[in-house]
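Content type TSV, C-alpha atoms, from the file protein.tsv:
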chain	number	residue	atom	x	y	z
X	55	MET	CA	-25.23	4.58	21.03
X	56	PHE	CA	-22.46	2.47	22.55
X	57	VAL	CA	-23.77	-0.65	20.83
X	58	ALA	CA	-23.52	1.03	17.39
X	59	CYS	CA	-19.97	2.19	18.10
X	60	ALA	CA	-18.89	-1.23	19.30
X	61	THR	CA	-20.28	-3.02	16.24
X	62	ALA	CA	-18.80	-0.48	13.84
X	63	HIS	CA	-15.33	-1.93	14.38
X	64	ALA	CA	-14.74	-4.68	11.82
X	65	ALA	CA	-13.40	-7.94	13.19
X	66	ALA	CA	-13.14	-11.59	12.31
X	67	ARG	CA	-14.12	-14.02	14.99
X	68	GLN	CA	-12.30	-17.28	15.27
X	69	ASN	CA	-14.38	-20.32	16.10
X	70	GLU	CA	-13.40	-23.98	16.25
X	71	ASN	CA	-13.08	-24.06	12.42
X	72	GLY	CA	-10.86	-20.96	12.19
X	73	PHE	CA	-11.88	-17.55	10.85
X	74	ASP	CA	-15.36	-18.34	9.62
X	75	GLU	CA	-17.33	-15.35	10.84
X	76	VAL	CA	-16.57	-11.91	9.48
X	77	ASP	CA	-18.06	-8.70	10.82
X	78	GLY	CA	-18.21	-5.52	8.83
X	79	PRO	CA	-17.21	-4.30	5.39
X	80	ASN	CA	-13.54	-3.87	6.32
X	81	VAL	CA	-12.62	-7.54	6.75
X	82	ARG	CA	-12.04	-10.31	4.20
X	83	VAL	CA	-10.88	-13.89	4.79
X	84	MET	CA	-9.35	-16.10	2.11
X	85	ARG	CA	-9.12	-19.84	2.66
X	86	HIS	CA	-6.31	-21.68	0.88
X	87	ASP	CA	-6.17	-25.30	-0.33
X	88	ASP	CA	-3.49	-26.22	2.24
X	89	GLY	CA	-5.78	-25.17	5.12
X	90	SER	CA	-4.04	-21.86	5.76
X	91	ARG	CA	-6.00	-18.61	5.81
X	92	THR	CA	-5.26	-15.02	4.93
X	93	HIS	CA	-7.10	-12.34	6.88
X	94	PHE	CA	-7.34	-8.84	5.34
X	95	THR	CA	-8.38	-5.81	7.37
X	96	ARG	CA	-8.59	-2.25	6.07
X	97	THR	CA	-9.06	1.04	7.83
X	98	PRO	CA	-12.32	2.89	7.13
X	99	ASP	CA	-10.44	5.52	5.08
X	100	ASN	CA	-8.90	2.76	2.86
X	101	ARG	CA	-5.37	4.08	3.49
X	102	THR	CA	-4.05	1.02	5.36
X	103	LEU	CA	-4.54	-2.64	4.46
X	104	THR	CA	-3.30	-5.30	6.87
X	105	LYS	CA	-2.74	-8.86	5.66
X	106	ARG	CA	-2.26	-11.61	8.24
X	107	LYS	CA	-1.40	-15.10	7.04
X	108	PHE	CA	-2.18	-18.00	9.37
X	109	SER	CA	-1.03	-21.60	9.04
X	110	ALA	CA	-3.55	-24.44	8.90
X	111	ASN	CA	-3.37	-24.77	12.71
X	112	GLY	CA	-4.04	-21.05	13.29
X	113	VAL	CA	-0.50	-19.78	13.96
X	114	LEU	CA	0.32	-16.33	12.57
X	115	THR	CA	3.13	-16.83	10.04
X	116	MET	CA	3.36	-13.46	8.28
X	117	LEU	CA	2.06	-9.92	8.77
X	118	THR	CA	2.09	-7.39	5.93
X	119	VAL	CA	0.90	-3.80	6.38
X	120	TYR	CA	0.27	-1.88	3.14
X	121	ARG	CA	0.01	1.90	2.89
X	122	MET	CA	-2.37	2.86	0.08
X	123	ASP	CA	-2.77	5.96	-2.07
X	124	ALA	CA	-6.11	7.70	-2.69
X	125	ASN	CA	-6.86	5.28	-5.57
X	126	GLY	CA	-6.33	2.16	-3.46
X	127	ASN	CA	-2.90	1.31	-4.90
X	128	PRO	CA	-0.17	0.22	-2.49
X	129	ILE	CA	2.66	2.75	-2.19
X	130	GLY	CA	4.63	0.83	0.41
X	131	CYS	CA	4.47	-2.09	2.78
X	132	ARG	CA	6.25	-3.59	5.75
X	133	ILE	CA	6.56	-7.38	6.05
X	134	SER	CA	7.03	-9.01	9.46
X	135	ASP	CA	7.26	-12.62	10.56
X	136	GLY	CA	4.71	-14.23	12.86
X	137	LEU	CA	6.55	-12.99	15.95
X	138	GLY	CA	6.41	-9.35	14.81
X	139	THR	CA	10.04	-9.02	13.70
X	140	LEU	CA	10.24	-6.57	10.80
X	141	LEU	CA	11.87	-8.35	7.86
X	142	PHE	CA	11.34	-6.24	4.73
X	143	LYS	CA	10.26	-2.79	3.61
X	144	VAL	CA	8.83	-2.49	0.11
X	145	SER	CA	8.16	0.51	-2.11
X	146	TYR	CA	6.06	0.48	-5.27
X	147	GLY	CA	6.60	2.59	-8.39
X	148	TYR	CA	3.90	3.52	-10.89
X	149	ARG	CA	4.10	4.89	-14.41
X	150	LYS	CA	2.90	8.51	-14.48
X	151	SER	CA	1.18	8.27	-17.86
X	152	ASP	CA	-1.33	5.57	-16.92
X	153	GLY	CA	-0.75	4.67	-13.25
X	154	GLN	CA	0.33	1.07	-13.96
X	155	LEU	CA	2.60	-0.66	-11.42
X	156	VAL	CA	6.04	-0.97	-13.02
X	157	GLU	CA	8.41	-1.78	-10.15
X	158	GLU	CA	8.66	-3.04	-6.58
X	159	ARG	CA	11.79	-2.48	-4.54
X	160	MET	CA	12.32	-4.66	-1.49
X	161	PHE	CA	14.73	-3.59	1.24
X	162	ASP	CA	16.08	-5.68	4.11
X	163	ALA	CA	14.80	-4.09	7.32
X	164	ARG	CA	17.35	-5.85	9.54
X	165	THR	CA	20.51	-4.85	7.66
X	166	VAL	CA	20.94	-1.62	5.71
X	167	ARG	CA	22.87	-2.30	2.54
X	168	ARG	CA	24.48	0.69	0.89
X	169	ASP	CA	25.57	1.08	-2.70
X	170	PRO	CA	29.35	1.60	-2.49
X	171	HIS	CA	29.23	4.09	-5.38
X	172	THR	CA	26.39	6.33	-4.20
X	173	GLY	CA	26.07	5.59	-0.49
X	174	LYS	CA	22.29	5.18	-0.90
X	175	GLU	CA	20.41	2.23	0.54
X	176	MET	CA	20.03	-0.43	-2.14
X	177	PRO	CA	17.24	-2.95	-2.47
X	178	ILE	CA	17.83	-6.66	-2.04
X	179	GLN	CA	15.29	-7.43	-4.75
X	180	ARG	CA	13.67	-5.56	-7.64
X	181	ILE	CA	10.54	-6.77	-9.36
X	182	CYS	CA	9.67	-5.18	-12.70
X	183	TYR	CA	6.50	-5.47	-14.78
X	184	VAL	CA	6.02	-4.97	-18.51
X	185	TYR	CA	2.65	-4.32	-20.15
X	186	ASP	CA	1.44	-5.29	-23.61
X	187	ALA	CA	-0.53	-3.02	-25.96
X	188	GLN	CA	-3.82	-4.05	-24.30
X	189	GLY	CA	-2.53	-3.10	-20.85
X	190	ASN	CA	-2.11	-6.68	-19.62
X	191	ARG	CA	0.70	-7.08	-17.10
X	192	SER	CA	3.47	-9.61	-17.73
X	193	ALA	CA	4.70	-12.13	-15.23
X	194	PRO	CA	7.05	-10.38	-12.81
X	195	ILE	CA	10.69	-10.03	-13.82
X	196	VAL	CA	12.64	-10.59	-10.61
X	197	PHE	CA	16.15	-9.30	-9.95
X	198	ASN	CA	17.44	-10.90	-6.77
X	199	LEU	CA	20.42	-8.84	-5.63
X	200	LEU	CA	21.49	-11.08	-2.75
X	201	PRO	CA	22.73	-14.65	-2.79
X	202	GLY	CA	20.71	-17.23	-0.90
X	203	LYS	CA	17.03	-18.11	-0.85
X	204	LYS	CA	14.63	-16.29	-3.12
X	205	PHE	CA	11.59	-14.40	-1.85
X	206	GLU	CA	9.39	-16.97	-3.59
X	207	GLU	CA	11.08	-19.83	-1.71
X	208	ILE	CA	10.46	-18.13	1.63
X	209	PHE	CA	6.98	-16.68	1.14
X	210	GLY	CA	5.53	-18.76	-1.70
X	211	ASP	CA	4.85	-15.73	-3.92
X	212	LYS	CA	7.01	-14.05	-6.53
X	213	ALA	CA	6.14	-10.57	-5.31
X	214	SER	CA	4.62	-8.70	-2.40
X	215	ALA	CA	2.23	-6.71	-4.59
X	216	LEU	CA	-1.47	-7.37	-4.23
X	217	ASP	CA	-2.72	-9.38	-7.21
X	218	ARG	CA	-6.17	-8.04	-6.47
X	219	ASN	CA	-7.47	-5.80	-3.74
X	220	PRO	CA	-9.79	-8.09	-1.73
X	221	PHE	CA	-12.13	-5.18	-1.02
X	222	LEU	CA	-12.91	-4.34	-4.64
X	223	GLU	CA	-15.81	-6.08	-6.34
X	224	LYS	CA	-14.69	-8.50	-9.06
X	225	ASP	CA	-17.43	-7.77	-11.57
X	226	GLY	CA	-18.82	-4.49	-10.28
X	227	PRO	CA	-21.53	-4.09	-7.66
X	228	VAL	CA	-23.76	-7.03	-6.80
X	229	ASN	CA	-26.84	-5.17	-8.04
X	230	PRO	CA	-26.18	-2.07	-10.16
X	231	ASN	CA	-29.86	-1.00	-9.76
X	232	ALA	CA	-29.72	-1.11	-5.96
X	233	ARG	CA	-30.89	2.01	-4.12
X	234	PRO	CA	-30.15	3.19	-0.59
X	235	LEU	CA	-32.60	2.08	2.10
X	236	GLY	CA	-35.76	4.16	2.06
X	237	GLY	CA	-35.18	5.32	-1.54
X	238	ARG	CA	-37.59	4.73	-4.40
Can you dump the structure from the file as structure tokens?
Amino acid sequence: MFVACATAHAAARQNENGFDEVDGPNVRVMRHDDGSRTHFTRTPDNRTLTKRKFSANGVLTMLTVYRMDANGNPIGCRISDGLGTLLFKVSYGYRKSDGQLVEERMFDARTVRRDPHTGKEMPIQRICYVYDAQGNRSAPIVFNLLPGKKFEEIFGDKASALDRNPFLEKDGPVNPNARPLGGR
């Protein structure tokens, strides 16, 4: 009994080559051309997705924790640096008619910036998406509301949204005719 419980926890094991061994259905590892790796871990209920980015030499450079809705869409995330310092909070907005992601709002977690007219916290960056008639998403339209470096310059991506959930099959199940063990 204890062996089954111990192996039920998903984990990636690091060997001399980095994260090469993955245990369980709740872990994914992406290897990048520059030698860095991104390690995704999800909770069994699919409500939390944790993304850890490691440099080529294995140092944690960024930690992002996504909160997901029942359909697996991110509704918010918190971005921290490699030392665990919370940098940004992000919220995601979806269109009610079809559930498409239409906007991300990124807030500075270290300094609360208030709109002088309303007194509400204002984002430091807004990312909007437009869709064509076929439902294809445009490139992100980024509104940087603070002077200085852009998000893309710091993190290498235009947005914090997941391009693709690493736990969803690309082209459907591996074998659509597969049956559970013991079934005929």
Pick out the residues sitting within 9 Å of Ala193 of chain X, and hand them over as a PyMOL selection string; count only C-alpha atoms, and ignore anything fewer than 3 positions along from it in its own chain.
-> chain X and resi 182-184
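Compared by their closest atoms to Val144 of chain X, and using all atoms listed in the file, the residues X:His171, X:Arg180, X:Lys105, X:Arg164 rank with X:Arg180 nearest.
Close contacts of segment 173-177 of chain X, defined as residues with an atom at most 8 Å away when counting all atoms listed in the file, with chain neighbours fewer than 6 positions off set aside, comprise X:Arg159, X:Met160, X:Phe161, X:Asp162, X:Val166, X:Arg167, X:Leu199.
Minimum atom-to-atom distance to Val81 of chain X, evaluated using only C-alpha atoms, belongs to X:Leu103 out of X:Ala110, X:Ala124, X:Leu103, X:Val196.
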Å distance separating atom CA of Phe108 of chain X from atom CA of Pro79 of chain X, one decimal place | 20.7 Å
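Closest to Ser134 of chain X among X:Arg121, X:Arg91, X:Arg106, X:His86 is X:Arg106, based on all atoms listed in the file.
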Record the distance separating atom CA of Pro98 of chain X and atom CA of Gly78 of chain X, expressed in Å with one decimal.
-> 10.4 Å
